[in-house]
$ cat query-v9.txt   # compact mmCIF, C-alpha atoms
# COMPACT_ATOMS: atom_id res chain seq x y z
CA GLY H 1 -8.17 -17.50 7.89
CA ALA H 2 -5.13 -15.65 9.14
CA GLY H 3 -4.05 -12.56 7.28
CA VAL H 4 -0.64 -10.97 7.09
CA SER H 5 0.76 -10.37 10.57
CA GLN H 6 3.57 -8.09 11.60
CA SER H 7 5.53 -7.69 14.79
CA PRO H 8 6.17 -5.71 16.77
CA ARG H 9 3.21 -3.41 16.17
CA TYR H 10 5.10 -0.51 17.76
CA LYS H 11 8.80 0.07 18.18
CA VAL H 12 10.61 2.98 19.80
CA ALA H 13 14.32 3.08 19.10
CA LYS H 14 17.11 5.41 20.07
CA ARG H 15 19.00 6.95 17.19
CA GLY H 16 21.82 4.64 16.19
CA GLN H 17 20.10 1.50 17.41
CA ASP H 18 19.48 -1.46 15.09
CA VAL H 19 15.91 -2.73 14.67
CA ALA H 20 14.36 -5.82 13.13
CA LEU H 21 10.78 -5.94 11.89
CA ARG H 22 9.05 -9.22 11.20
CA CYS H 23 6.41 -10.15 8.64
CA ASP H 24 4.40 -13.38 8.53
CA PRO H 25 2.69 -13.54 5.13
CA ILE H 26 -0.48 -15.43 4.36
CA SER H 27 0.34 -19.13 4.19
CA GLY H 28 1.18 -20.21 0.67
CA HIS H 29 1.73 -16.72 -0.68
CA VAL H 30 4.71 -16.65 -2.99
CA SER H 31 5.28 -12.92 -3.23
CA LEU H 32 6.13 -10.62 -0.34
CA PHE H 33 6.50 -6.84 -0.39
CA TRP H 34 7.73 -4.19 2.04
CA TYR H 35 6.50 -0.59 1.95
CA GLN H 36 7.37 2.47 4.02
CA GLN H 37 4.59 4.92 4.91
CA ALA H 38 5.57 8.30 6.30
CA LEU H 39 3.03 10.25 8.34
CA GLY H 40 0.30 11.66 6.13
CA GLN H 41 1.65 9.99 2.99
CA GLY H 42 0.86 6.98 0.88
CA PRO H 43 3.00 3.84 1.18
CA GLU H 44 6.22 3.75 -0.83
CA PHE H 45 7.71 0.54 -2.21
CA LEU H 46 10.89 -0.75 -0.58
CA THR H 47 11.53 -4.29 -1.79
CA TYR H 48 9.98 -7.46 -3.23
CA PHE H 49 10.57 -11.18 -2.79
CA GLN H 50 9.40 -14.11 -4.81
CA ASN H 51 9.85 -17.08 -2.53
CA GLU H 52 13.29 -16.57 -0.99
CA ALA H 53 14.68 -14.54 -3.87
CA GLN H 54 14.84 -10.78 -3.47
CA LEU H 55 13.98 -9.69 -6.99
CA ASP H 56 13.72 -5.95 -6.49
CA LYS H 57 15.26 -3.79 -3.79
CA SER H 58 15.23 -0.55 -5.70
CA GLY H 59 13.14 1.23 -3.08
CA LEU H 60 15.44 0.67 -0.12
CA PRO H 61 16.53 4.20 0.87
CA SER H 62 20.07 3.36 1.96
CA ASP H 63 22.43 0.51 2.66
CA ARG H 64 21.32 0.66 6.28
CA PHE H 65 18.15 -1.14 5.16
CA PHE H 66 18.33 -4.87 4.61
CA ALA H 67 15.57 -7.42 4.04
CA GLU H 68 15.63 -11.19 3.94
CA ARG H 69 13.27 -14.10 3.51
CA PRO H 70 15.56 -17.12 3.89
CA GLU H 71 12.96 -19.88 3.72
CA GLY H 72 10.48 -18.22 1.45
CA SER H 73 7.89 -17.49 4.13
CA VAL H 74 8.66 -15.19 7.07
CA SER H 75 10.55 -12.02 6.19
CA THR H 76 12.59 -9.63 8.30
CA LEU H 77 13.32 -6.00 7.50
CA LYS H 78 16.40 -4.79 9.36
CA ILE H 79 17.40 -1.18 9.76
CA GLN H 80 20.89 -0.53 11.06
CA ARG H 81 21.98 2.61 12.88
CA THR H 82 18.48 4.07 12.82
CA GLN H 83 18.02 7.77 12.09
CA GLN H 84 15.09 10.03 12.92
CA GLU H 85 14.03 10.12 9.27
CA ASP H 86 13.45 6.35 9.46
CA SER H 87 10.40 7.00 11.66
CA ALA H 88 7.43 5.68 9.70
CA VAL H 89 4.99 2.81 9.43
CA TYR H 90 6.52 -0.22 7.75
CA LEU H 91 3.92 -2.27 5.90
CA CYS H 92 4.30 -5.79 4.65
CA ALA H 93 2.08 -7.28 1.94
CA SER H 94 1.85 -10.70 0.34
CA SER H 95 0.23 -12.06 -2.78
CA LEU H 96 -0.40 -15.57 -3.99
CA ALA H 97 1.67 -15.15 -7.14
CA ARG H 98 1.62 -13.36 -10.41
CA LEU H 99 0.43 -15.50 -13.28
CA LEU H 100 -0.31 -14.12 -16.73
CA GLY H 101 -4.04 -13.80 -17.23
CA ARG H 102 -4.81 -14.54 -13.59
CA ARG H 103 -4.71 -11.03 -12.25
CA ILE H 104 -6.77 -11.79 -9.18
CA LYS H 105 -3.72 -13.53 -7.80
CA GLU H 106 -1.75 -10.30 -7.97
CA THR H 107 -3.84 -8.81 -5.19
CA GLN H 108 -1.55 -7.64 -2.42
CA TYR H 109 -2.90 -8.18 1.08
CA PHE H 110 -1.41 -5.83 3.65
CA GLY H 111 -0.54 -6.41 7.27
CA PRO H 112 -1.32 -3.84 10.00
CA GLY H 113 2.19 -2.40 9.91
CA THR H 114 4.92 -1.71 12.43
CA ARG H 115 5.03 1.86 13.70
CA LEU H 116 8.67 2.82 14.19
CA LEU H 117 9.61 5.93 16.12
CA VAL H 118 13.28 6.86 16.29
CA LEU H 119 14.16 9.34 19.01
CA GLY Y 1 8.92 10.31 -4.70
CA GLN Y 2 5.34 9.48 -5.54
CA GLN Y 3 4.12 9.91 -9.09
CA LEU Y 4 0.37 9.85 -8.45
CA ASN Y 5 -1.48 13.05 -7.60
CA GLN Y 6 -4.63 12.44 -5.63
CA SER Y 7 -7.33 15.00 -4.87
CA PRO Y 8 -8.84 16.28 -2.78
CA GLN Y 9 -6.47 15.74 0.13
CA SER Y 10 -9.39 15.73 2.56
CA MET Y 11 -13.17 15.92 2.53
CA PHE Y 12 -15.67 16.56 5.30
CA ILE Y 13 -19.18 15.65 4.25
CA GLN Y 14 -22.62 15.00 5.66
CA GLU Y 15 -23.86 11.44 5.99
CA GLY Y 16 -25.88 10.49 2.91
CA GLU Y 17 -23.92 12.68 0.51
CA ASP Y 18 -22.07 11.31 -2.49
CA VAL Y 19 -18.29 11.59 -2.66
CA SER Y 20 -15.90 11.77 -5.58
CA MET Y 21 -12.11 11.64 -5.55
CA ASN Y 22 -9.61 11.29 -8.36
CA CYS Y 23 -6.08 10.40 -9.17
CA THR Y 24 -3.77 11.43 -12.01
CA SER Y 25 -0.41 10.10 -13.04
CA SER Y 26 2.49 11.38 -15.10
CA SER Y 27 2.98 7.87 -16.45
CA ILE Y 28 0.78 5.07 -17.73
CA PHE Y 29 -0.36 2.22 -15.54
CA ASN Y 30 -2.09 -0.87 -16.88
CA THR Y 31 -3.74 -1.67 -13.56
CA TRP Y 32 -5.28 0.84 -11.17
CA LEU Y 33 -6.41 0.02 -7.67
CA TRP Y 34 -8.27 1.81 -4.92
CA TYR Y 35 -7.52 1.01 -1.27
CA LYS Y 36 -8.99 2.16 2.04
CA GLN Y 37 -6.88 2.47 5.17
CA ASP Y 38 -8.35 2.70 8.65
CA PRO Y 39 -6.31 4.07 11.57
CA GLY Y 40 -3.74 1.58 12.80
CA GLU Y 41 -4.36 -0.82 9.95
CA GLY Y 42 -2.92 -1.62 6.56
CA PRO Y 43 -4.63 -0.70 3.28
CA VAL Y 44 -7.52 -2.91 2.16
CA LEU Y 45 -8.31 -3.34 -1.53
CA LEU Y 46 -11.67 -1.90 -2.60
CA ILE Y 47 -11.66 -2.04 -6.40
CA ALA Y 48 -9.22 -3.15 -9.10
CA LEU Y 49 -9.34 -1.82 -12.68
CA TYR Y 50 -7.60 -3.63 -15.54
CA LYS Y 51 -8.76 -2.01 -18.78
CA ALA Y 52 -8.74 1.57 -20.00
CA GLY Y 53 -12.28 2.94 -19.86
CA GLU Y 54 -13.43 0.23 -17.48
CA LEU Y 55 -16.13 1.17 -14.98
CA THR Y 56 -16.42 -1.14 -12.00
CA SER Y 57 -18.73 -1.12 -8.99
CA ASN Y 58 -18.46 -2.67 -5.56
CA GLY Y 59 -21.62 -1.93 -3.60
CA ARG Y 60 -21.83 1.84 -3.12
CA LEU Y 61 -18.38 2.30 -4.66
CA THR Y 62 -17.79 2.94 -8.35
CA ALA Y 63 -14.42 3.45 -9.97
CA GLN Y 64 -13.33 4.18 -13.51
CA PHE Y 65 -10.03 3.65 -15.30
CA GLY Y 66 -9.33 6.62 -17.56
CA ILE Y 67 -9.01 6.19 -21.32
CA THR Y 68 -5.48 7.60 -21.29
CA ARG Y 69 -4.50 5.11 -18.53
CA LYS Y 70 -3.15 8.05 -16.59
CA ASP Y 71 -6.12 8.74 -14.35
CA SER Y 72 -8.91 7.18 -12.32
CA PHE Y 73 -11.75 8.29 -10.10
CA LEU Y 74 -13.61 6.73 -7.20
CA ASN Y 75 -17.19 7.59 -6.27
CA ILE Y 76 -18.93 6.67 -3.05
CA SER Y 77 -22.69 7.03 -3.02
CA ALA Y 78 -24.86 7.69 0.03
CA SER Y 79 -21.95 7.91 2.46
CA ILE Y 80 -22.24 6.41 5.92
CA PRO Y 81 -20.11 6.97 9.05
CA SER Y 82 -18.07 3.78 8.51
CA ASP Y 83 -16.81 5.21 5.21
CA VAL Y 84 -14.47 7.36 7.30
CA GLY Y 85 -10.85 6.65 6.54
CA ILE Y 86 -8.08 7.38 4.06
CA TYR Y 87 -8.57 6.34 0.45
CA PHE Y 88 -5.55 5.66 -1.72
CA CYS Y 89 -5.26 5.15 -5.43
CA ALA Y 90 -2.41 2.97 -6.63
CA GLY Y 91 -0.93 1.99 -9.96
CA LEU Y 92 0.59 -1.43 -10.50
CA ASN Y 93 3.66 -1.66 -12.72
CA ASN Y 94 3.81 -4.00 -15.69
CA ALA Y 95 5.93 -6.51 -13.81
CA GLY Y 96 3.17 -6.74 -11.23
CA ASN Y 97 5.56 -6.33 -8.35
CA MET Y 98 5.36 -2.70 -7.34
CA LEU Y 99 2.48 -0.47 -6.31
CA THR Y 100 2.85 3.29 -6.60
CA PHE Y 101 0.43 5.04 -4.26
CA GLY Y 102 -1.15 8.47 -4.33
CA GLY Y 103 -1.01 10.73 -1.31
CA GLY Y 104 -4.46 9.73 -0.10
CA THR Y 105 -7.83 11.40 0.44
CA ARG Y 106 -8.92 11.65 4.05
CA LEU Y 107 -12.70 11.28 4.27
CA MET Y 108 -14.66 12.44 7.28
CA VAL Y 109 -18.41 11.86 7.52
CA LYS Y 110 -20.64 13.82 9.84
CA PRO Y 111 -23.61 11.79 11.11
$ encode --input "query-v9.txt" --output "C-alpha cells"
Amino acid sequence: GAGVSQSPRYKVAKRGQDVALRCDPISGHVSLFWYQQALGQGPEFLTYFQNEAQLDKSGLPSDRFFAERPEGSVSTLKIQRTQQEDSAVYLCASSLARLLGRRIKETQYFGPGTRLLVL
Amino acid sequence: GQQLNQSPQSMFIQEGEDVSMNCTSSSIFNTWLWYKQDPGEGPVLLIALYKAGELTSNGRLTAQFGITRKDSFLNISASIPSDVGIYFCAGLNNAGNMLTFGGGTRLMVKP
C-alpha cells in the first residue's frame, strides 16, 4: 500500500521567496504531523492536525510558517519570505489515530521529506 | 531545542560486531521509540517501548525502557552492512501527539 508521500522532494528557493510543501498522508489516517530536520540533527516537531483541526502549532518557529489541512487529508506547509535558516528537511508523518489502550495506532509513519535549500 | 541526549554520535564497527547506543532525557516519557533513517528517507520505526523496565526485541535488535523512564538503550547484535544508517531515539508525550527526538547515532559498518 502507499505510504506517506511528499512533494516536491527537493526545493531551491531564493531568500524572500514563498514556498509550499505538500504532504499526502496514508489514506484513512486521522493524525498528521510536520517536523523540521536540520542537517545532522534529529527531527523537531512543528505542528499537528487531527482531521482538519490544527490542534498544536507550538513548534512553528515564526509567523512566517503556516500549515493547513482543509479537508482532513492532504496538508500544505507554507513558508513565507524564506530565510537561509529555513534550509532543512521537512518531514511529514501520519498516524491512524490515538485511542486509549490502542497504542499501536499511535505509530507515526514518516514520508521521505522535502529538502529545502534557501540561497 | 531537543531534550534527549543520544550517544555515541557516531560508530564505525566491523561487520559481525554488536552495537549499543543509548539515550537519556531530562524529563520523563511514557513511551520511548527507536527509529532508523536511511539517506534521503524519513525515519522508520524499529521498536516501541511502553512500560518502564520493558525489554523488547525485534530480530537482532533489542531495546530497553529505563526504570526511571528517563533513558533507553538499543542493542544491535551481529551487525551487517545494511544496518548502516542513523538511529534516533524518541520520546512520545502524554498527549500522543509530539515526538521529541535525540540527535541520532550514525552507524557505519565495515564489511
$ residues_around --input "query-v9.txt" --residues "H:Ser5" --least-positions-apart "6" --cutoff "9 Å" --atoms "only C-alpha atoms" --output "count of residues only"
10
$ closest_residue --input "query-v9.txt" --among "H:Ser73, H:Ser87, H:Ser27, H:Gln6" --to "chain Y" --atoms "only C-alpha atoms"
H:Gln6
$ closest_residue --input "query-v9.txt" --among "H:Leu77, H:Val89, H:Ala13, H:Leu60" --to "chain Y" --atoms "all atoms listed in the file"
H:Val89
$ interface_residues --input "query-v9.txt" --of "chain Y" --to "chain H" --cutoff "8 Å" --atoms "all atoms listed in the file" --output "MDAnalysis selection string"
chainID Y and resid 2 40:45 88 96:104
$ write_last_selection --input "query-v9.txt" --atoms "C-alpha atoms" --output "CSV table (one decimal), in the frame of the given file"
chain,number,residue,atom,x,y,z
Y,2,GLN,CA,5.3,9.5,-5.5
Y,40,GLY,CA,-3.7,1.6,12.8
Y,41,GLU,CA,-4.4,-0.8,10.0
Y,42,GLY,CA,-2.9,-1.6,6.6
Y,43,PRO,CA,-4.6,-0.7,3.3
Y,44,VAL,CA,-7.5,-2.9,2.2
Y,45,LEU,CA,-8.3,-3.3,-1.5
Y,88,PHE,CA,-5.6,5.7,-1.7
Y,96,GLY,CA,3.2,-6.7,-11.2
Y,97,ASN,CA,5.6,-6.3,-8.4
Y,98,MET,CA,5.4,-2.7,-7.3
Y,99,LEU,CA,2.5,-0.5,-6.3
Y,100,THR,CA,2.8,3.3,-6.6
Y,101,PHE,CA,0.4,5.0,-4.3
Y,102,GLY,CA,-1.2,8.5,-4.3
Y,103,GLY,CA,-1.0,10.7,-1.3
Y,104,GLY,CA,-4.5,9.7,-0.1
$ atom_distance --input "query-v9.txt" --atom1 "atom CA of H:Leu117" --atom2 "atom CA of H:Ala38"
10.9 Å
$ atom_distance --input "query-v9.txt" --atom1 "atom CA of H:Ser62" --atom2 "atom CA of H:Leu39"
19.5 Å
$ residues_around --input "query-v9.txt" --residues "H:Glu71" --least-positions-apart "3" --cutoff "8 Å" --atoms "all atoms listed in the file" --output "list of chain:residue names"
H:Asn51, H:Glu52, H:Val74
$ residues_around --input "query-v9.txt" --residues "stretch 14-31 of chain Y" --least-positions-apart "6" --cutoff "9 Å" --atoms "only C-alpha atoms" --output "PyMOL selection string"
chain Y and resi 3-8+48-52+65+68-81+87-94+96+102+105+107-111
$ write_last_selection --input "query-v9.txt" --atoms "C-alpha atoms" --output "JSON list (two decimals), keeping the file's coordinate frame"
[["chain", "number", "residue", "atom", "x", "y", "z"],
["Y", 3, "GLN", "CA", 4.12, 9.91, -9.09],
["Y", 4, "LEU", "CA", 0.37, 9.85, -8.45],
["Y", 5, "ASN", "CA", -1.48, 13.05, -7.60],
["Y", 6, "GLN", "CA", -4.63, 12.44, -5.63],
["Y", 7, "SER", "CA", -7.33, 15.00, -4.87],
["Y", 8, "PRO", "CA", -8.84, 16.28, -2.78],
["Y", 48, "ALA", "CA", -9.22, -3.15, -9.10],
["Y", 49, "LEU", "CA", -9.34, -1.82, -12.68],
["Y", 50, "TYR", "CA", -7.60, -3.63, -15.54],
["Y", 51, "LYS", "CA", -8.76, -2.01, -18.78],
["Y", 52, "ALA", "CA", -8.74, 1.57, -20.00],
["Y", 65, "PHE", "CA", -10.03, 3.65, -15.30],
["Y", 68, "THR", "CA", -5.48, 7.60, -21.29],
["Y", 69, "ARG", "CA", -4.50, 5.11, -18.53],
["Y", 70, "LYS", "CA", -3.15, 8.05, -16.59],
["Y", 71, "ASP", "CA", -6.12, 8.74, -14.35],
["Y", 72, "SER", "CA", -8.91, 7.18, -12.32],
["Y", 73, "PHE", "CA", -11.75, 8.29, -10.10],
["Y", 74, "LEU", "CA", -13.61, 6.73, -7.20],
["Y", 75, "ASN", "CA", -17.19, 7.59, -6.27],
["Y", 76, "ILE", "CA", -18.93, 6.67, -3.05],
["Y", 77, "SER", "CA", -22.69, 7.03, -3.02],
["Y", 78, "ALA", "CA", -24.86, 7.69, 0.03],
["Y", 79, "SER", "CA", -21.95, 7.91, 2.46],
["Y", 80, "ILE", "CA", -22.24, 6.41, 5.92],
["Y", 81, "PRO", "CA", -20.11, 6.97, 9.05],
["Y", 87, "TYR", "CA", -8.57, 6.34, 0.45],
["Y", 88, "PHE", "CA", -5.55, 5.66, -1.72],
["Y", 89, "CYS", "CA", -5.26, 5.15, -5.43],
["Y", 90, "ALA", "CA", -2.41, 2.97, -6.63],
["Y", 91, "GLY", "CA", -0.93, 1.99, -9.96],
["Y", 92, "LEU", "CA", 0.59, -1.43, -10.50],
["Y", 93, "ASN", "CA", 3.66, -1.66, -12.72],
["Y", 94, "ASN", "CA", 3.81, -4.00, -15.69],
["Y", 96, "GLY", "CA", 3.17, -6.74, -11.23],
["Y", 102, "GLY", "CA", -1.15, 8.47, -4.33],
["Y", 105, "THR", "CA", -7.83, 11.40, 0.44],
["Y", 107, "LEU", "CA", -12.70, 11.28, 4.27],
["Y", 108, "MET", "CA", -14.66, 12.44, 7.28],
["Y", 109, "VAL", "CA", -18.41, 11.86, 7.52],
["Y", 110, "LYS", "CA", -20.64, 13.82, 9.84],
["Y", 111, "PRO", "CA", -23.61, 11.79, 11.11]]
$ closest_residue --input "query-v9.txt" --among "Y:Pro39, Y:Arg60, Y:Ile13, Y:Leu33" --to "Y:Ile86" --atoms "all atoms listed in the file"
Y:Pro39
$ atom_distance --input "query-v9.txt" --atom1 "atom CA of H:Pro8" --atom2 "atom CA of H:Thr76"
11.3 Å
